[in-house]
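Report on the structure given below.
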Amino acid sequence: MLLYHFSEAAYPHLPNEDHYSSIRVELPNEIYDPEIGAKLYRERLDEWCLADELGLNIMLNEHHQTATCVVPSIAVFGGILARETKKARILQLGNPVGNRRDPIRVAEETAMVDVISGGRLDCGFVRGVPYEIAPANANPVGQSARMWEAIDLIVKAWTTHDGPFRWEGPNFHYRSVNVWPRPLQSPHPPLWMPTFSASTARELARRKWVIATMSAGFKRTREIFDAYREEYRNVHGAEAPMDRFAFLGLGYVADNDTDARKGAEGLMWYLQTNKVAPQYGAPPGYVSPKQAVAMRMAGSHDLGDLRKPDVDVQTALGNLYWGTPDKVAAQTAKFHEQVGGLGHLLLMGQAGGMSYASTASHLKLLAQEVSPHLEELGRAEAHAAE
């Protein structure tokens, strides 16, 4: 199981939430101090570089017009880390191509990062969260179709090497596509997508992409992974490899439970602070009426608990791993067993105001004392499969 370090690189110096209606879209940027922001960027980049030195991998994402993630360009951070790191896989999870008007620019930027990194890029695509429909000035209707067309165009751009081609699709029109540079990895970087949807899981299985779930807990993750496995068997006539499955949770490792609990509570900032005005959470047309009903029903049961910023609740659900190295290794092994196995564990180990020193301590223990347990788990599985 490969381990990845992740942070949303948030800006945590915020007023009391009673003073604003939504941290996304509406929060005035006068609150942002660029000098403090510069220090925070350096700390986050230093943490990812430390992860590389320790033998861990790196996960990045991007969001727009929000203090929860001050990374509006995944390509900028990816390019910096492609040059500054040496060994880590750089997972961009992901690029919101459902909201992008120029997929070819995404193809160019991604290929550039792959070349600079020496072929260490993993490329994740996402549709885009509903909160960013307004900032992107996008139409929520047909967004999923735009995403898949953009992805197919990007892949064709990466894999066509004999000169320009023309693209005339329902959403995108290009007279001449001939991207420079092309990716170093052939035919292109590995492709990922996160999802909460069994239907999307089946589409990813048909394409043999890596599927990721995010804070979906034991139960929902197993359902999504099983949908992928079933479709993979039906289409490809084989079992899906373990490296097709990934999970993003929160995690903090310390020498003792007291410090580990403090770190875990620091991670809850991410859930505590994500106040969003209702008009941005479900813009008309973002999902079909049938999907909207299903989401409301799920929210009244499983997903409601997934949003609770409580250490004990999130630990019980399987979304949060914290404690001494032995305890965290046991927690991750339990999750691995409960969901039927996975090959990638993506851990948010920094959130809000957690310091560089705190995060660095966690990363060292994660790499030096937890990772060997997971490597042993992988060897045992490989031996059992022989």
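Labeling convention for the structure tokens: chains A, B, ... as they appear, residues from 1 per chain, ligands from 1 in order of appearance.
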Shell of 9 Å around Val328 (chain A), only C-alpha atoms, local chain residues under 4 positions omitted, as a ChimeraX atom specification: /A:251-253,321-324,332-333,366,370
Keeping C-alpha atoms for every residue in the selection just given, could you write it to a file as a PDB file, in the first residue's frame?
```
ATOM      1  CA  GLY A 251      -4.465  10.875   9.789  1.00  0.00           C
ATOM      2  CA  TYR A 252      -2.094  11.887  12.540  1.00  0.00           C
ATOM      3  CA  VAL A 253       0.637   9.793  14.174  1.00  0.00           C
ATOM      4  CA  TYR A 321      -6.548   7.339  11.723  1.00  0.00           C
ATOM      5  CA  TRP A 322      -4.760   8.590  14.793  1.00  0.00           C
ATOM      6  CA  GLY A 323      -2.620   7.322  17.651  1.00  0.00           C
ATOM      7  CA  THR A 324       0.768   5.750  18.110  1.00  0.00           C
ATOM      8  CA  THR A 332      -5.265   1.135   8.345  1.00  0.00           C
ATOM      9  CA  ALA A 333      -5.035  -2.653   8.185  1.00  0.00           C
ATOM     10  CA  LEU A 366       4.214   7.710   9.366  1.00  0.00           C
ATOM     11  CA  VAL A 370       3.741   2.897   9.963  1.00  0.00           C
TER      12      VAL A 370
END
```
Nearby residues (only C-alpha atoms) at most 9 Å from region 156-162 of chain A, same-chain spacing under 6 positions excluded, as a list in words: Ile104, Ala107, Glu108, Ala111, Val177, Asn178, Val179, Pro181, Arg182, Pro183, Ser186, Pro187 and His188 of chain A
Restrict the calculation to only C-alpha atoms, then for each residue of region 136-222 of chain A with any atom at most 10 Å from an atom of region 262-284 of chain A give the closest atom pair and their distance in Å to one decimal, rows by chain and rising residue number, as a tab-separated table.
```
residue	atom	partner	partner_atom	distance
A:Asn139	CA	A:Pro283	CA	9.3
A:Pro140	CA	A:Pro283	CA	6.9
A:Val141	CA	A:Pro284	CA	7.8
```
With C-alpha atoms kept, could you save the residues just selected as a JSON list (two decimals), in the first residue's frame?
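Wrote it out as out06.json, contents follow:
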```
[["chain", "number", "residue", "atom", "x", "y", "z"],
["A", 139, "ASN", "CA", -23.59, 25.91, -16.32],
["A", 140, "PRO", "CA", -24.34, 23.04, -13.94],
["A", 141, "VAL", "CA", -26.53, 21.39, -16.58]]
```
CA of Pro170 (chain A) to CA of Arg100 (chain A), distance in Å rounded to a single decimal: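 It comes out at 14.6 Å.
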Spatial neighbours of Asn234 (chain A), 12 Å, only C-alpha atoms, chain gap at least 5 places, as an MDAnalysis selection string: chainID A and resid 202 205:206 227:229 239:240
Residues from last step as file, C-alpha atoms, as a PDB file, in the first residue's frame:
```
ATOM      1  CA  ARG A 202     -18.400   1.212 -13.095  1.00  0.00           C
ATOM      2  CA  ALA A 205     -13.642   0.091 -14.107  1.00  0.00           C
ATOM      3  CA  ARG A 206     -14.353  -0.042 -17.835  1.00  0.00           C
ATOM      4  CA  ALA A 227     -19.287  -1.913  -7.935  1.00  0.00           C
ATOM      5  CA  TYR A 228     -15.905  -1.282  -9.554  1.00  0.00           C
ATOM      6  CA  ARG A 229     -14.747  -4.872  -8.975  1.00  0.00           C
ATOM      7  CA  GLU A 239     -10.016  -9.385 -10.932  1.00  0.00           C
ATOM      8  CA  ALA A 240      -9.220  -5.707 -10.547  1.00  0.00           C
TER       9      ALA A 240
END
```
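Near Glu132 (chain A), within 8 Å and counting only C-alpha atoms, sit A:Val25, A:His63, A:His64, A:Gln65, A:Tyr280; same-chain residues fewer than 6 positions away were not included.
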In region 65-252 of chain A, DSSP alpha helix (DSSP H) residues written as a PyMOL selection string: chain A and resi 74-84+103-117+133-136+143-159+198-207+217-236
Residue contacts of Phe247 (chain A) (9 Å, only C-alpha atoms) excluding same-chain residues fewer than 3 positions away, as a ChimeraX atom specification: /A:194,211-216,221,342-347
Sel. of strand (DSSP E or B) residues, region 42-283 of chain A, as a ChimeraX atom specification: /A:57-60,66,90-96,121-126,165-168,173-177,191-194,210-214,245-253
Can I get the selected residues back with N, CA and C atoms, as a compact mmCIF listing (two decimals), in the first residue's frame?
```txt
# COMPACT_ATOMS: atom_id res chain seq x y z
N ASN A 57 4.65 9.60 -0.77
CA ASN A 57 4.21 10.22 -2.00
C ASN A 57 3.41 11.47 -1.69
N ILE A 58 3.01 12.19 -2.72
CA ILE A 58 2.42 13.52 -2.57
C ILE A 58 1.08 13.56 -3.27
N MET A 59 0.10 14.15 -2.61
CA MET A 59 -1.18 14.42 -3.25
C MET A 59 -1.46 15.92 -3.23
N LEU A 60 -1.96 16.43 -4.35
CA LEU A 60 -2.34 17.84 -4.49
C LEU A 60 -3.77 17.92 -5.00
N THR A 66 -12.05 30.22 -2.08
CA THR A 66 -12.34 29.70 -0.75
C THR A 66 -11.08 29.74 0.11
N ILE A 90 3.65 12.19 -7.72
CA ILE A 90 2.92 13.44 -7.52
C ILE A 90 1.52 13.24 -8.07
N LEU A 91 0.58 13.06 -7.17
CA LEU A 91 -0.80 12.80 -7.55
C LEU A 91 -1.57 14.12 -7.56
N GLN A 92 -2.08 14.49 -8.72
CA GLN A 92 -2.94 15.66 -8.83
C GLN A 92 -4.39 15.17 -8.85
N LEU A 93 -5.08 15.32 -7.73
CA LEU A 93 -6.43 14.79 -7.60
C LEU A 93 -7.36 15.89 -7.07
N GLY A 94 -7.87 16.72 -7.91
CA GLY A 94 -7.68 16.58 -9.33
C GLY A 94 -7.97 17.89 -10.04
N ASN A 95 -8.00 17.78 -11.31
CA ASN A 95 -8.21 18.90 -12.21
C ASN A 95 -9.69 19.00 -12.57
N PRO A 96 -10.36 20.09 -12.21
CA PRO A 96 -11.82 20.18 -12.40
C PRO A 96 -12.20 20.51 -13.84
N LEU A 121 4.23 11.74 -12.43
CA LEU A 121 2.91 12.34 -12.25
C LEU A 121 1.81 11.29 -12.35
N ASP A 122 0.84 11.38 -11.44
CA ASP A 122 -0.44 10.68 -11.55
C ASP A 122 -1.50 11.75 -11.76
N CYS A 123 -2.30 11.60 -12.80
CA CYS A 123 -3.22 12.66 -13.21
C CYS A 123 -4.65 12.31 -12.82
N GLY A 124 -5.22 13.10 -11.93
CA GLY A 124 -6.60 12.90 -11.52
C GLY A 124 -7.51 13.95 -12.11
N PHE A 125 -8.67 13.52 -12.57
CA PHE A 125 -9.68 14.45 -13.09
C PHE A 125 -10.89 14.43 -12.16
N VAL A 126 -11.50 15.58 -11.99
CA VAL A 126 -12.73 15.68 -11.21
C VAL A 126 -13.73 16.53 -11.98
N PHE A 165 -4.66 17.35 -35.12
CA PHE A 165 -5.97 16.77 -35.43
C PHE A 165 -7.04 17.80 -35.10
N ARG A 166 -8.19 17.60 -35.65
CA ARG A 166 -9.33 18.50 -35.45
C ARG A 166 -10.30 17.84 -34.48
N TRP A 167 -10.91 18.64 -33.62
CA TRP A 167 -11.90 18.12 -32.66
C TRP A 167 -13.19 18.94 -32.78
N GLU A 168 -14.25 18.25 -33.08
CA GLU A 168 -15.57 18.88 -33.16
C GLU A 168 -16.53 18.06 -32.31
N HIS A 173 -14.50 22.69 -29.47
CA HIS A 173 -14.20 22.76 -30.89
C HIS A 173 -12.78 23.31 -31.06
N TYR A 174 -11.92 22.51 -31.72
CA TYR A 174 -10.55 22.91 -31.97
C TYR A 174 -10.19 22.61 -33.42
N ARG A 175 -9.63 23.58 -34.10
CA ARG A 175 -9.22 23.38 -35.48
C ARG A 175 -7.87 22.68 -35.58
N SER A 176 -7.02 22.84 -34.54
CA SER A 176 -5.68 22.26 -34.61
C SER A 176 -5.20 21.91 -33.21
N VAL A 177 -5.06 20.62 -32.93
CA VAL A 177 -4.57 20.14 -31.64
C VAL A 177 -3.26 19.39 -31.86
N LEU A 191 -4.22 7.49 -14.79
CA LEU A 191 -5.42 8.32 -14.64
C LEU A 191 -6.24 7.88 -13.43
N TRP A 192 -6.67 8.86 -12.66
CA TRP A 192 -7.43 8.66 -11.43
C TRP A 192 -8.71 9.47 -11.47
N MET A 193 -9.69 9.06 -10.64
CA MET A 193 -10.86 9.90 -10.40
C MET A 193 -11.47 9.52 -9.05
N PRO A 194 -11.82 10.52 -8.23
CA PRO A 194 -12.57 10.23 -7.00
C PRO A 194 -14.07 10.21 -7.29
N VAL A 210 -7.67 4.33 -11.81
CA VAL A 210 -7.65 4.22 -10.35
C VAL A 210 -8.86 4.96 -9.80
N ILE A 211 -9.61 4.30 -8.93
CA ILE A 211 -10.77 4.91 -8.29
C ILE A 211 -10.41 5.30 -6.87
N ALA A 212 -10.85 6.47 -6.46
CA ALA A 212 -10.60 6.94 -5.09
C ALA A 212 -11.92 7.34 -4.45
N THR A 213 -12.07 7.01 -3.19
CA THR A 213 -13.17 7.55 -2.40
C THR A 213 -12.59 8.47 -1.35
N MET A 214 -13.39 9.43 -0.91
CA MET A 214 -12.91 10.44 0.02
C MET A 214 -13.83 10.51 1.23
N PHE A 245 -7.32 0.86 -6.45
CA PHE A 245 -8.18 1.38 -5.40
C PHE A 245 -7.42 2.31 -4.46
N ALA A 246 -8.05 3.45 -4.14
CA ALA A 246 -7.43 4.44 -3.26
C ALA A 246 -8.49 5.03 -2.33
N PHE A 247 -8.03 5.47 -1.18
CA PHE A 247 -8.93 6.10 -0.21
C PHE A 247 -8.24 7.31 0.39
N LEU A 248 -9.00 8.40 0.49
CA LEU A 248 -8.51 9.62 1.14
C LEU A 248 -9.19 9.79 2.49
N GLY A 249 -8.37 9.77 3.53
CA GLY A 249 -8.86 10.02 4.88
C GLY A 249 -8.00 11.05 5.58
N LEU A 250 -8.18 11.16 6.88
CA LEU A 250 -7.38 12.07 7.69
C LEU A 250 -6.54 11.23 8.65
N GLY A 251 -5.30 11.69 8.92
CA GLY A 251 -4.47 10.87 9.79
C GLY A 251 -3.41 11.67 10.52
N TYR A 252 -3.15 11.24 11.76
CA TYR A 252 -2.09 11.89 12.54
C TYR A 252 -1.46 10.85 13.46
N VAL A 253 -0.13 10.76 13.38
CA VAL A 253 0.64 9.79 14.17
C VAL A 253 1.53 10.55 15.16
```
Closest of A:Asn256, A:Asn99, A:Ser21, A:Gln185 to Ser144 (chain A) - atom-to-atom distances counting only C-alpha atoms: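 With only C-alpha atoms as the atom set, the closest residue is A:Asn99.
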Interatomic distance (Å, one decimal) between CA of Gln338 (chain A) and CA of Arg222 (chain A):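 Computed distance, CA of Gln338 (chain A) to CA of Arg222 (chain A), equals 7.2 Å.
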A:Ala260, A:Gly128, A:Leu317, A:Ala134 ranked by distance to Glu26 (chain A), top pick (using only C-alpha atoms): A:Ala134
Distance in Å - CA of Glu149 (chain A) versus CA of Thr110 (chain A): 17.0 Å
A:Asn319, A:Gln314, A:Gln350, A:Thr195 ranked by distance to Thr68 (chain A), top pick (using only C-alpha atoms):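 Of the candidates, the smallest distance to Thr68 (chain A) is held by A:Gln350.
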Within 7 Å of region 7-10 of chain A using only C-alpha atoms, minus same-chain residues under 4 positions, as a VMD selection string: chain A and resid 44 61 67 to 71 348 to 352
Please dump the current selection as a PDB file, in the first residue's frame; keep N, CA and C atoms.
```
ATOM      1  N   ARG A  44       3.797  24.550   3.548  1.00  0.00           N
ATOM      2  CA  ARG A  44       3.162  23.406   2.903  1.00  0.00           C
ATOM      3  C   ARG A  44       4.096  22.759   1.888  1.00  0.00           C
ATOM      4  N   ASN A  61      -4.431  19.038  -4.691  1.00  0.00           N
ATOM      5  CA  ASN A  61      -5.703  19.338  -5.346  1.00  0.00           C
ATOM      6  C   ASN A  61      -5.825  20.839  -5.514  1.00  0.00           C
ATOM      7  N   ALA A  67     -11.256  29.926   1.415  1.00  0.00           N
ATOM      8  CA  ALA A  67     -10.125  29.884   2.345  1.00  0.00           C
ATOM      9  C   ALA A  67      -9.746  28.463   2.720  1.00  0.00           C
ATOM     10  N   THR A  68     -10.601  27.485   2.423  1.00  0.00           N
ATOM     11  CA  THR A  68     -10.321  26.107   2.813  1.00  0.00           C
ATOM     12  C   THR A  68      -9.215  25.481   1.980  1.00  0.00           C
ATOM     13  N   CYS A  69      -8.952  26.026   0.799  1.00  0.00           N
ATOM     14  CA  CYS A  69      -7.901  25.506  -0.079  1.00  0.00           C
ATOM     15  C   CYS A  69      -7.421  26.646  -0.965  1.00  0.00           C
ATOM     16  N   VAL A  70      -6.299  27.251  -0.588  1.00  0.00           N
ATOM     17  CA  VAL A  70      -5.793  28.404  -1.341  1.00  0.00           C
ATOM     18  C   VAL A  70      -4.797  27.903  -2.390  1.00  0.00           C
ATOM     19  N   VAL A  71      -5.261  26.964  -3.197  1.00  0.00           N
ATOM     20  CA  VAL A  71      -4.482  26.429  -4.317  1.00  0.00           C
ATOM     21  C   VAL A  71      -5.378  26.497  -5.551  1.00  0.00           C
ATOM     22  N   MET A 348      -4.708  13.169   4.698  1.00  0.00           N
ATOM     23  CA  MET A 348      -4.574  14.576   5.039  1.00  0.00           C
ATOM     24  C   MET A 348      -3.938  14.645   6.424  1.00  0.00           C
ATOM     25  N   GLY A 349      -2.694  15.091   6.474  1.00  0.00           N
ATOM     26  CA  GLY A 349      -1.966  15.155   7.732  1.00  0.00           C
ATOM     27  C   GLY A 349      -1.734  16.562   8.225  1.00  0.00           C
ATOM     28  N   GLN A 350      -2.301  17.530   7.507  1.00  0.00           N
ATOM     29  CA  GLN A 350      -2.201  18.922   7.921  1.00  0.00           C
ATOM     30  C   GLN A 350      -3.493  19.624   7.550  1.00  0.00           C
ATOM     31  N   ALA A 351      -4.017  20.407   8.474  1.00  0.00           N
ATOM     32  CA  ALA A 351      -5.234  21.177   8.202  1.00  0.00           C
ATOM     33  C   ALA A 351      -5.218  22.420   9.077  1.00  0.00           C
ATOM     34  N   GLY A 352      -5.820  23.479   8.555  1.00  0.00           N
ATOM     35  CA  GLY A 352      -5.974  24.691   9.342  1.00  0.00           C
ATOM     36  C   GLY A 352      -4.663  25.237   9.862  1.00  0.00           C
TER      37      GLY A 352
END
```
